[in-house]
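Asker: The file below is input_29.txt, compact mmCIF, C-alpha atoms and all ligand atoms:
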# COMPACT_ATOMS: atom_id res chain seq x y z
CA MET L 1 72.39 77.67 89.49
CA ILE L 2 71.36 80.60 91.69
CA ALA L 3 73.39 83.83 91.58
CA ILE L 4 73.34 86.64 94.10
CA TYR L 5 73.99 90.13 92.75
CA PRO L 6 74.90 92.23 95.80
CA GLY L 7 75.47 95.97 95.84
CA SER L 8 74.35 99.28 97.25
CA PHE L 9 72.31 100.22 94.11
CA ASP L 10 71.84 103.81 95.32
CA PRO L 11 70.12 103.99 92.86
CA ILE L 12 70.05 101.29 90.18
CA THR L 13 71.57 102.48 86.87
CA LEU L 14 71.38 101.17 83.30
CA GLY L 15 74.83 99.65 83.97
CA HIS L 16 73.43 97.58 86.84
CA LEU L 17 70.39 96.66 84.76
CA ASP L 18 72.63 95.44 81.93
CA ILE L 19 74.47 93.12 84.36
CA ILE L 20 71.13 91.89 85.79
CA GLU L 21 69.68 91.13 82.33
CA ARG L 22 72.80 89.28 81.25
CA GLY L 23 72.91 87.44 84.59
CA CYS L 24 69.31 86.35 84.08
CA ARG L 25 70.31 84.80 80.74
CA LEU L 26 73.20 82.90 82.34
CA PHE L 27 71.68 81.72 85.60
CA GLU L 28 68.51 79.92 86.59
CA ARG L 29 67.73 82.64 89.09
CA VAL L 30 69.30 85.97 90.02
CA ILE L 31 68.71 87.46 93.45
CA VAL L 32 69.56 91.16 93.54
CA VAL L 33 70.31 92.04 97.13
CA VAL L 34 70.54 95.62 98.34
CA MET L 35 73.11 95.98 101.06
CA PRO L 36 73.72 99.16 103.03
CA ASN L 37 77.27 100.47 102.53
CA PRO L 38 78.42 102.13 105.78
CA LYS L 39 81.16 103.99 103.85
CA LYS L 40 78.64 105.90 101.70
CA THR L 41 75.92 108.41 102.64
CA PRO L 42 72.83 107.11 100.84
CA LEU L 43 70.41 109.12 98.69
CA PHE L 44 67.64 106.50 98.88
CA ALA L 45 66.66 104.35 101.86
CA VAL L 46 67.11 100.61 101.35
CA PRO L 47 63.35 99.87 100.88
CA GLU L 48 63.18 102.62 98.21
CA ARG L 49 66.17 101.15 96.39
CA VAL L 50 64.51 97.72 96.49
CA GLU L 51 61.32 99.19 95.03
CA LEU L 52 63.21 101.03 92.26
CA ILE L 53 64.98 97.78 91.29
CA ARG L 54 61.68 95.86 91.33
CA LEU L 55 60.09 98.41 88.97
CA SER L 56 63.16 98.34 86.69
CA THR L 57 63.21 94.55 86.40
CA SER L 58 59.50 93.79 86.05
CA HIS L 59 60.18 92.45 82.52
CA LEU L 60 62.37 89.65 83.90
CA SER L 61 60.85 86.45 85.25
CA ASN L 62 63.80 84.71 86.97
CA ILE L 63 64.69 87.53 89.32
CA GLU L 64 64.10 88.36 92.95
CA VAL L 65 64.96 91.56 94.79
CA ASP L 66 65.77 91.54 98.48
CA SER L 67 67.80 93.43 101.06
CA PHE L 68 70.21 92.21 103.69
CA GLU L 69 72.57 93.59 106.28
CA GLY L 70 75.51 91.34 107.02
CA LEU L 71 78.05 89.20 105.22
CA THR L 72 77.19 88.53 101.59
CA VAL L 73 78.37 84.91 101.86
CA ASN L 74 76.01 84.32 104.80
CA TYR L 75 73.12 85.58 102.69
CA ALA L 76 74.26 83.43 99.74
CA GLN L 77 74.43 80.33 101.95
CA MET L 78 71.02 81.09 103.43
CA ARG L 79 69.58 81.28 99.87
CA GLN L 80 71.57 78.24 98.68
CA ALA L 81 73.25 80.31 95.98
CA GLN L 82 76.49 79.12 94.42
CA VAL L 83 77.55 82.33 92.69
CA LEU L 84 78.18 85.96 93.62
CA LEU L 85 77.70 88.09 90.52
CA ARG L 86 79.67 91.33 90.19
CA GLY L 87 80.29 93.78 87.37
CA LEU L 88 83.69 95.07 86.32
CA ARG L 89 84.03 98.47 84.69
CA ALA L 90 87.69 99.39 84.73
CA ILE L 91 91.03 98.47 86.26
CA SER L 92 90.03 100.71 89.16
CA ASP L 93 87.23 98.25 90.04
CA PHE L 94 89.48 95.26 89.66
CA GLU L 95 91.66 95.57 92.74
CA ALA L 96 88.83 95.98 95.24
CA GLU L 97 86.69 93.35 93.51
CA LEU L 98 89.50 90.80 93.48
CA GLN L 99 90.22 91.44 97.16
CA MET L 100 86.54 91.00 97.98
CA ALA L 101 86.31 87.80 95.93
CA HIS L 102 89.36 86.34 97.66
CA THR L 103 88.06 87.35 101.08
CA ASN L 104 84.69 85.77 100.37
CA GLU L 105 86.44 82.62 99.19
CA THR L 106 88.13 82.29 102.59
CA LEU L 107 84.70 82.55 104.23
CA ALA L 108 82.84 80.17 101.94
CA THR L 109 84.90 78.00 99.58
CA GLN L 110 81.86 76.57 97.82
CA ILE L 111 80.73 80.00 96.58
CA ASP L 112 82.38 81.46 93.46
CA THR L 113 82.44 85.06 92.33
CA VAL L 114 81.63 85.52 88.65
CA PHE L 115 82.50 88.84 87.00
CA LEU L 116 80.72 90.22 83.98
CA ALA L 117 82.57 92.90 82.04
CA THR L 118 80.54 96.05 81.64
CA SER L 119 79.01 96.75 78.25
CA ASN L 120 81.08 99.43 76.49
CA GLU L 121 78.31 102.00 76.62
CA TYR L 122 78.09 101.80 80.43
CA SER L 123 81.77 101.58 81.28
CA PHE L 124 81.80 105.10 82.80
CA LEU L 125 78.51 104.75 84.64
CA SER L 126 78.07 104.54 88.40
CA SER L 127 75.38 105.57 90.89
CA SER L 128 77.77 108.27 92.15
CA VAL L 129 78.15 109.79 88.66
CA VAL L 130 74.35 109.91 88.32
CA LYS L 131 73.93 111.63 91.70
CA GLU L 132 76.70 114.10 90.92
CA ILE L 133 75.03 115.16 87.65
CA ALA L 134 71.56 115.42 89.22
CA ARG L 135 72.84 117.40 92.20
CA PHE L 136 73.95 120.15 89.83
CA GLY L 137 70.73 120.16 87.83
CA GLY L 138 71.84 117.98 84.94
CA PRO L 139 69.74 115.33 83.17
CA VAL L 140 70.07 111.66 84.06
CA ASP L 141 67.30 110.20 81.88
CA HIS L 142 69.85 108.50 79.62
CA LEU L 143 71.66 106.85 82.55
CA VAL L 144 68.92 105.27 84.66
CA PRO L 145 65.45 103.74 84.06
CA GLN L 146 62.76 106.42 83.67
CA HIS L 147 61.03 106.03 87.02
CA VAL L 148 64.45 106.13 88.71
CA ALA L 149 65.20 109.44 86.97
CA ARG L 150 61.86 110.79 88.22
CA ALA L 151 62.65 109.66 91.78
CA ILE L 152 66.07 111.34 91.56
CA TYR L 153 64.58 114.60 90.24
CA ARG L 154 62.11 114.53 93.13
CA CYS L 155 64.97 114.08 95.59
CA TYR L 156 66.85 117.05 94.21
CA GLU L 157 63.66 119.01 93.57
CA ILE L 158 64.47 119.26 89.89
CA HIS L 159 61.79 119.33 87.26
CA PRO L 160 63.33 118.16 84.00
CA ALA L 161 60.91 120.09 81.81
CA ALA L 162 59.91 123.13 83.87
CA THR L 163 63.40 123.66 85.36
CA LEU L 164 62.06 125.76 88.26
CA THR L 165 63.09 125.20 91.84
CA LYS L 166 60.46 124.54 94.48
CA THR L 167 62.05 126.90 96.97
CA ASN L 168 61.93 129.87 94.59
CA PRO L 169 59.59 129.15 91.70
CA THR L 170 60.49 132.37 89.93
CA THR L 171 64.19 131.53 89.73
CA PRO L 172 64.96 129.15 86.92
CA VAL L 173 67.73 126.65 87.62
CA LYS L 174 70.20 125.89 84.87
CA PRO L 175 68.07 123.97 82.34
CA PRO L 176 69.09 120.33 82.07
CA ARG L 177 70.15 119.28 78.58
CA LEU L 178 67.63 116.66 77.63
CA GLY L 179 68.34 113.95 75.10
CA ARG L 180 71.80 112.60 74.34
P1 LIG F 1 78.98 98.43 95.71
O1 LIG F 1 78.84 99.59 96.63
O2 LIG F 1 78.87 97.08 96.36
O3 LIG F 1 80.13 98.50 94.72
P2 LIG F 1 77.31 99.21 93.53
O4 LIG F 1 75.85 99.42 93.52
O5 LIG F 1 78.16 100.42 93.32
O6 LIG F 1 77.64 98.48 94.86
O7 LIG F 1 77.70 98.14 92.44
C1 LIG F 1 77.24 96.81 92.49
C2 LIG F 1 77.98 96.00 91.45
O8 LIG F 1 77.63 96.46 90.16
C3 LIG F 1 79.50 96.11 91.52
O9 LIG F 1 80.06 94.84 91.18
C4 LIG F 1 79.84 97.12 90.46
O10 LIG F 1 81.15 96.92 89.95
C5 LIG F 1 78.79 96.77 89.41
N1 LIG F 1 78.51 97.90 88.52
C6 LIG F 1 78.13 99.15 88.86
N2 LIG F 1 77.99 99.94 87.76
C7 LIG F 1 78.29 99.14 86.70
C8 LIG F 1 78.36 99.36 85.29
N3 LIG F 1 78.13 100.55 84.74
N4 LIG F 1 78.72 98.32 84.50
C9 LIG F 1 79.01 97.11 85.06
N5 LIG F 1 78.98 96.84 86.37
C10 LIG F 1 78.62 97.83 87.19
Output the file's structure as structure tokens, nothing else.

Answerer:
Amino acid sequence: MIAIYPGSFDPITLGHLDIIERGCRLFERVIVVVMPNPKKTPLFAVPERVELIRLSTSHLSNIEVDSFEGLTVNYAQMRQAQVLLRGLRAISDFEAELQMAHTNETLATQIDTVFLATSNEYSFLSSSVVKEIARFGGPVDHLVPQHVARAIYRCYEIHPAATLTKTNPTTPVKPPRLGR
């Protein structure tokens, strides 16, 4: 059975990775598909997000990473996938996810949405939380794969060790608290 895991992944977090790894144990093949979300202003361009996911999932053999703009069910049909994989964190996710699953069912009855409950340790984690922390100079190394953290620090011009800004190298920014 082939599962599609669609999302904006801006950027991939350890919460996403947990769902991907568990999905790879359950399904023959998981296709992670990056979809632009017109409601959100992105930090990373779609090809960058694809690359970050590829680097984060290089240890998995039954995975593919792709991008698509359009209806998820159209992509799933094109790839002959039977399942849409989604993660559920809290009740707040539930309403929108259920609505989306029902909507997709009206568009393609042969495709089912399968929800995986978040692992406890990642129940608070979202790409937005990561960006919010990084924007104010905080550390995100414990929330995303290492190369993703580096890419985020580059975006916000934060150096996790040196803690100096590029614009004014003599002015230290608030040092990020490293470690957990
Ligand atoms: P979207 O904009 O489509 O919600 P996201 O990248 O935010 O895309 O999320 C993609 C999917 O991953 C969604 O189903 C979301 O609920 C799930 N997800 C995100 N973070 C976590 C997490 N920490 N634990 C479990 N599932 C998660």

Asker: Determine, for each residue of chain L having at least one atom at most 10 Å from an atom of ligand LIG 1 (chain F), the closest pair of atoms and their separation in Å to one decimal, counting all atoms listed in the file; order by chain and ascending number, as a tab-separated table.

Answerer:
residue	atom	partner	partner_atom	distance
L:Tyr5	CA	F:LIG1	C2	7.2
L:Pro6	CA	F:LIG1	C1	6.1
L:Gly7	CA	F:LIG1	O6	3.5
L:Ser8	CA	F:LIG1	O4	4.0
L:Phe9	CA	F:LIG1	O4	3.7
L:Asp10	CA	F:LIG1	O4	6.2
L:Pro11	CA	F:LIG1	O4	7.4
L:Ile12	CA	F:LIG1	O4	6.9
L:Thr13	CA	F:LIG1	N2	7.0
L:Leu14	CA	F:LIG1	N3	6.9
L:Gly15	CA	F:LIG1	N3	3.5
L:His16	CA	F:LIG1	C7	5.1
L:Leu17	CA	F:LIG1	C8	8.4
L:Asp18	CA	F:LIG1	N4	7.2
L:Ile19	CA	F:LIG1	C9	6.1
L:Ile20	CA	F:LIG1	O8	9.1
L:Val32	CA	F:LIG1	C1	9.6
L:Val33	CA	F:LIG1	C1	9.6
L:Val34	CA	F:LIG1	O4	8.1
L:Met35	CA	F:LIG1	O2	7.5
L:Pro36	CA	F:LIG1	O1	8.2
L:Asn37	CA	F:LIG1	O1	6.2
L:Pro38	CA	F:LIG1	O1	9.5
L:Lys39	CA	F:LIG1	O1	8.8
L:Lys40	CA	F:LIG1	O1	8.1
L:Leu84	CA	F:LIG1	O9	9.4
L:Leu85	CA	F:LIG1	O9	7.2
L:Arg86	CA	F:LIG1	O9	3.7
L:Gly87	CA	F:LIG1	N5	3.5
L:Leu88	CA	F:LIG1	O10	4.8
L:Arg89	CA	F:LIG1	C9	5.2
L:Ala90	CA	F:LIG1	O10	8.7
L:Ser92	CA	F:LIG1	O10	9.7
L:Asp93	CA	F:LIG1	O10	6.2
L:Phe94	CA	F:LIG1	O10	8.5
L:Ala96	CA	F:LIG1	O3	9.1
L:Glu97	CA	F:LIG1	O9	7.2
L:Met100	CA	F:LIG1	O2	9.9
L:Val114	CA	F:LIG1	O9	9.8
L:Phe115	CA	F:LIG1	O9	7.7
L:Leu116	CA	F:LIG1	C9	7.2
L:Ala117	CA	F:LIG1	C9	6.3
L:Thr118	CA	F:LIG1	C9	3.9
L:Ser119	CA	F:LIG1	N4	6.5
L:Asn120	CA	F:LIG1	N4	8.4
L:Glu121	CA	F:LIG1	N3	8.3
L:Tyr122	CA	F:LIG1	N3	4.5
L:Ser123	CA	F:LIG1	N3	5.1
L:Phe124	CA	F:LIG1	N3	6.2
L:Leu125	CA	F:LIG1	N3	4.2
L:Ser126	CA	F:LIG1	N2	4.6
L:Ser127	CA	F:LIG1	O5	6.3
L:Ser128	CA	F:LIG1	O5	7.9
L:Val129	CA	F:LIG1	N2	9.9
L:Leu143	CA	F:LIG1	N3	9.3

Asker: Keeping C-alpha atoms for every residue in the selection just given, could you write it to a file as a PDB file, keeping the file's coordinate frame?

Answerer:
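Contents of the output file part17.pdb:
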ATOM      1  CA  TYR L   5      73.990  90.130  92.750  1.00  0.00           C
ATOM      2  CA  PRO L   6      74.900  92.230  95.800  1.00  0.00           C
ATOM      3  CA  GLY L   7      75.470  95.970  95.840  1.00  0.00           C
ATOM      4  CA  SER L   8      74.350  99.280  97.250  1.00  0.00           C
ATOM      5  CA  PHE L   9      72.310 100.220  94.110  1.00  0.00           C
ATOM      6  CA  ASP L  10      71.840 103.810  95.320  1.00  0.00           C
ATOM      7  CA  PRO L  11      70.120 103.990  92.860  1.00  0.00           C
ATOM      8  CA  ILE L  12      70.050 101.290  90.180  1.00  0.00           C
ATOM      9  CA  THR L  13      71.570 102.480  86.870  1.00  0.00           C
ATOM     10  CA  LEU L  14      71.380 101.170  83.300  1.00  0.00           C
ATOM     11  CA  GLY L  15      74.830  99.650  83.970  1.00  0.00           C
ATOM     12  CA  HIS L  16      73.430  97.580  86.840  1.00  0.00           C
ATOM     13  CA  LEU L  17      70.390  96.660  84.760  1.00  0.00           C
ATOM     14  CA  ASP L  18      72.630  95.440  81.930  1.00  0.00           C
ATOM     15  CA  ILE L  19      74.470  93.120  84.360  1.00  0.00           C
ATOM     16  CA  ILE L  20      71.130  91.890  85.790  1.00  0.00           C
ATOM     17  CA  VAL L  32      69.560  91.160  93.540  1.00  0.00           C
ATOM     18  CA  VAL L  33      70.310  92.040  97.130  1.00  0.00           C
ATOM     19  CA  VAL L  34      70.540  95.620  98.340  1.00  0.00           C
ATOM     20  CA  MET L  35      73.110  95.980 101.060  1.00  0.00           C
ATOM     21  CA  PRO L  36      73.720  99.160 103.030  1.00  0.00           C
ATOM     22  CA  ASN L  37      77.270 100.470 102.530  1.00  0.00           C
ATOM     23  CA  PRO L  38      78.420 102.130 105.780  1.00  0.00           C
ATOM     24  CA  LYS L  39      81.160 103.990 103.850  1.00  0.00           C
ATOM     25  CA  LYS L  40      78.640 105.900 101.700  1.00  0.00           C
ATOM     26  CA  LEU L  84      78.180  85.960  93.620  1.00  0.00           C
ATOM     27  CA  LEU L  85      77.700  88.090  90.520  1.00  0.00           C
ATOM     28  CA  ARG L  86      79.670  91.330  90.190  1.00  0.00           C
ATOM     29  CA  GLY L  87      80.290  93.780  87.370  1.00  0.00           C
ATOM     30  CA  LEU L  88      83.690  95.070  86.320  1.00  0.00           C
ATOM     31  CA  ARG L  89      84.030  98.470  84.690  1.00  0.00           C
ATOM     32  CA  ALA L  90      87.690  99.390  84.730  1.00  0.00           C
ATOM     33  CA  SER L  92      90.030 100.710  89.160  1.00  0.00           C
ATOM     34  CA  ASP L  93      87.230  98.250  90.040  1.00  0.00           C
ATOM     35  CA  PHE L  94      89.480  95.260  89.660  1.00  0.00           C
ATOM     36  CA  ALA L  96      88.830  95.980  95.240  1.00  0.00           C
ATOM     37  CA  GLU L  97      86.690  93.350  93.510  1.00  0.00           C
ATOM     38  CA  MET L 100      86.540  91.000  97.980  1.00  0.00           C
ATOM     39  CA  VAL L 114      81.630  85.520  88.650  1.00  0.00           C
ATOM     40  CA  PHE L 115      82.500  88.840  87.000  1.00  0.00           C
ATOM     41  CA  LEU L 116      80.720  90.220  83.980  1.00  0.00           C
ATOM     42  CA  ALA L 117      82.570  92.900  82.040  1.00  0.00           C
ATOM     43  CA  THR L 118      80.540  96.050  81.640  1.00  0.00           C
ATOM     44  CA  SER L 119      79.010  96.750  78.250  1.00  0.00           C
ATOM     45  CA  ASN L 120      81.080  99.430  76.490  1.00  0.00           C
ATOM     46  CA  GLU L 121      78.310 102.000  76.620  1.00  0.00           C
ATOM     47  CA  TYR L 122      78.090 101.800  80.430  1.00  0.00           C
ATOM     48  CA  SER L 123      81.770 101.580  81.280  1.00  0.00           C
ATOM     49  CA  PHE L 124      81.800 105.100  82.800  1.00  0.00           C
ATOM     50  CA  LEU L 125      78.510 104.750  84.640  1.00  0.00           C
ATOM     51  CA  SER L 126      78.070 104.540  88.400  1.00  0.00           C
ATOM     52  CA  SER L 127      75.380 105.570  90.890  1.00  0.00           C
ATOM     53  CA  SER L 128      77.770 108.270  92.150  1.00  0.00           C
ATOM     54  CA  VAL L 129      78.150 109.790  88.660  1.00  0.00           C
ATOM     55  CA  LEU L 143      71.660 106.850  82.550  1.00  0.00           C
TER      56      LEU L 143
END

Asker: Could you check which residues have any atom within 9 Å of (61.9, 82.1, 87.8), counting all atoms listed in the file with coordinates taken straight from the file, and then list them as a VMD selection string?

Answerer: chain L and resid 28 to 30 60 to 64

Asker: I'd like to know which of L:Ser56, L:Ile152, L:Phe68, L:Thr109 is closest to Pro139 in chain L, using only C-alpha atoms.

Answerer: L:Ile152

Asker: As an exercise, work out the distance from CA of Ala3 in chain L to CA of Thr72 in chain L in Å and give it to one decimal place.

Answerer: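 Between these atoms lies a distance of 11.7 Å.
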
Asker: Given only C-alpha atoms as the basis, pick out the residue of L:Leu52, L:Leu43, L:Leu26, L:Ile4 nearest to His147 in chain L.

Answerer: L:Leu52

Asker: Have a look at CA of Asp112 in chain L and CA of Met78 in chain L and let me know their distance in Å, one decimal.

Answerer: 15.1 Å

Asker: Just how far from CA of Ala134 in chain L is CA of Ala149 in chain L, in Å to one decimal?

Answerer: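 Computing it gives 9.0 Å between the two atoms.
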
Asker: Which residue is closest to Val65 in chain L? Choose from L:Gln80, L:Ile31, L:Phe44, L:Ile111 and count all atoms listed in the file.

Answerer: L:Ile31

Asker: Is there a way to complete range 76-104 of chain L with N, CA and C atoms and then write that out as an mmCIF file, keeping the file's coordinate frame?

Answerer:
data_model
loop_
_atom_site.group_PDB
_atom_site.id
_atom_site.type_symbol
_atom_site.label_atom_id
_atom_site.label_comp_id
_atom_site.auth_asym_id
_atom_site.auth_seq_id
_atom_site.Cartn_x
_atom_site.Cartn_y
_atom_site.Cartn_z
ATOM 1 N N ALA L 76 74.209 84.389 100.854
ATOM 2 C CA ALA L 76 74.260 83.430 99.740
ATOM 3 C C ALA L 76 74.010 82.004 100.262
ATOM 4 N N GLN L 77 74.616 81.669 101.398
ATOM 5 C CA GLN L 77 74.430 80.330 101.950
ATOM 6 C C GLN L 77 72.974 80.109 102.375
ATOM 7 N N MET L 78 72.418 81.161 102.982
ATOM 8 C CA MET L 78 71.020 81.090 103.430
ATOM 9 C C MET L 78 70.087 80.825 102.237
ATOM 10 N N ARG L 79 70.433 81.424 101.062
ATOM 11 C CA ARG L 79 69.580 81.280 99.870
ATOM 12 C C ARG L 79 70.028 80.125 98.965
ATOM 13 N N GLN L 80 71.015 79.370 99.438
ATOM 14 C CA GLN L 80 71.570 78.240 98.680
ATOM 15 C C GLN L 80 72.039 78.657 97.287
ATOM 16 N N ALA L 81 72.696 79.807 97.250
ATOM 17 C CA ALA L 81 73.250 80.310 95.980
ATOM 18 C C ALA L 81 74.703 79.862 95.872
ATOM 19 N N GLN L 82 75.121 79.593 94.640
ATOM 20 C CA GLN L 82 76.490 79.120 94.420
ATOM 21 C C GLN L 82 77.394 80.216 93.856
ATOM 22 N N VAL L 83 76.780 81.314 93.404
ATOM 23 C CA VAL L 83 77.550 82.330 92.690
ATOM 24 C C VAL L 83 77.263 83.724 93.241
ATOM 25 N N LEU L 84 78.338 84.519 93.354
ATOM 26 C CA LEU L 84 78.180 85.960 93.620
ATOM 27 C C LEU L 84 78.479 86.645 92.296
ATOM 28 N N LEU L 85 77.545 87.412 91.807
ATOM 29 C CA LEU L 85 77.700 88.090 90.520
ATOM 30 C C LEU L 85 78.152 89.521 90.776
ATOM 31 N N ARG L 86 79.207 89.944 90.067
ATOM 32 C CA ARG L 86 79.670 91.330 90.190
ATOM 33 C C ARG L 86 79.997 91.852 88.799
ATOM 34 N N GLY L 87 79.955 93.166 88.655
ATOM 35 C CA GLY L 87 80.290 93.780 87.370
ATOM 36 C C GLY L 87 81.670 94.428 87.465
ATOM 37 N N LEU L 88 82.376 94.414 86.354
ATOM 38 C CA LEU L 88 83.690 95.070 86.320
ATOM 39 C C LEU L 88 83.666 96.159 85.254
ATOM 40 N N ARG L 89 84.004 97.377 85.658
ATOM 41 C CA ARG L 89 84.030 98.470 84.690
ATOM 42 C C ARG L 89 85.445 98.740 84.196
ATOM 43 N N ALA L 90 86.335 98.993 85.119
ATOM 44 C CA ALA L 90 87.690 99.390 84.730
ATOM 45 C C ALA L 90 88.681 98.766 85.681
ATOM 46 N N ILE L 91 89.955 98.987 85.385
ATOM 47 C CA ILE L 91 91.030 98.470 86.260
ATOM 48 C C ILE L 91 90.790 98.944 87.691
ATOM 49 N N SER L 92 90.257 100.158 87.825
ATOM 50 C CA SER L 92 90.030 100.710 89.160
ATOM 51 C C SER L 92 89.068 99.844 89.980
ATOM 52 N N ASP L 93 88.128 99.166 89.327
ATOM 53 C CA ASP L 93 87.230 98.250 90.040
ATOM 54 C C ASP L 93 87.957 96.975 90.444
ATOM 55 N N PHE L 94 88.915 96.601 89.590
ATOM 56 C CA PHE L 94 89.480 95.260 89.660
ATOM 57 C C PHE L 94 90.115 94.926 91.010
ATOM 58 N N GLU L 95 90.920 95.850 91.518
ATOM 59 C CA GLU L 95 91.660 95.570 92.740
ATOM 60 C C GLU L 95 90.726 95.261 93.920
ATOM 61 N N ALA L 96 89.763 96.157 94.117
ATOM 62 C CA ALA L 96 88.830 95.980 95.240
ATOM 63 C C ALA L 96 87.971 94.725 95.037
ATOM 64 N N GLU L 97 87.553 94.503 93.782
ATOM 65 C CA GLU L 97 86.690 93.350 93.510
ATOM 66 C C GLU L 97 87.434 92.039 93.734
ATOM 67 N N LEU L 98 88.699 92.015 93.314
ATOM 68 C CA LEU L 98 89.500 90.800 93.480
ATOM 69 C C LEU L 98 89.722 90.512 94.971
ATOM 70 N N GLN L 99 90.005 91.587 95.716
ATOM 71 C CA GLN L 99 90.220 91.440 97.160
ATOM 72 C C GLN L 99 88.949 90.900 97.828
ATOM 73 N N MET L 100 87.803 91.441 97.399
ATOM 74 C CA MET L 100 86.540 91.000 97.980
ATOM 75 C C MET L 100 86.257 89.533 97.625
ATOM 76 N N ALA L 101 86.541 89.184 96.368
ATOM 77 C CA ALA L 101 86.310 87.800 95.930
ATOM 78 C C ALA L 101 87.186 86.837 96.718
ATOM 79 N N HIS L 102 88.454 87.213 96.905
ATOM 80 C CA HIS L 102 89.360 86.340 97.660
ATOM 81 C C HIS L 102 88.932 86.238 99.114
ATOM 82 N N THR L 103 88.515 87.368 99.677
ATOM 83 C CA THR L 103 88.060 87.350 101.080
ATOM 84 C C THR L 103 86.844 86.442 101.216
ATOM 85 N N ASN L 104 85.896 86.601 100.297
ATOM 86 C CA ASN L 104 84.690 85.770 100.370
ATOM 87 C C ASN L 104 85.015 84.292 100.208
#
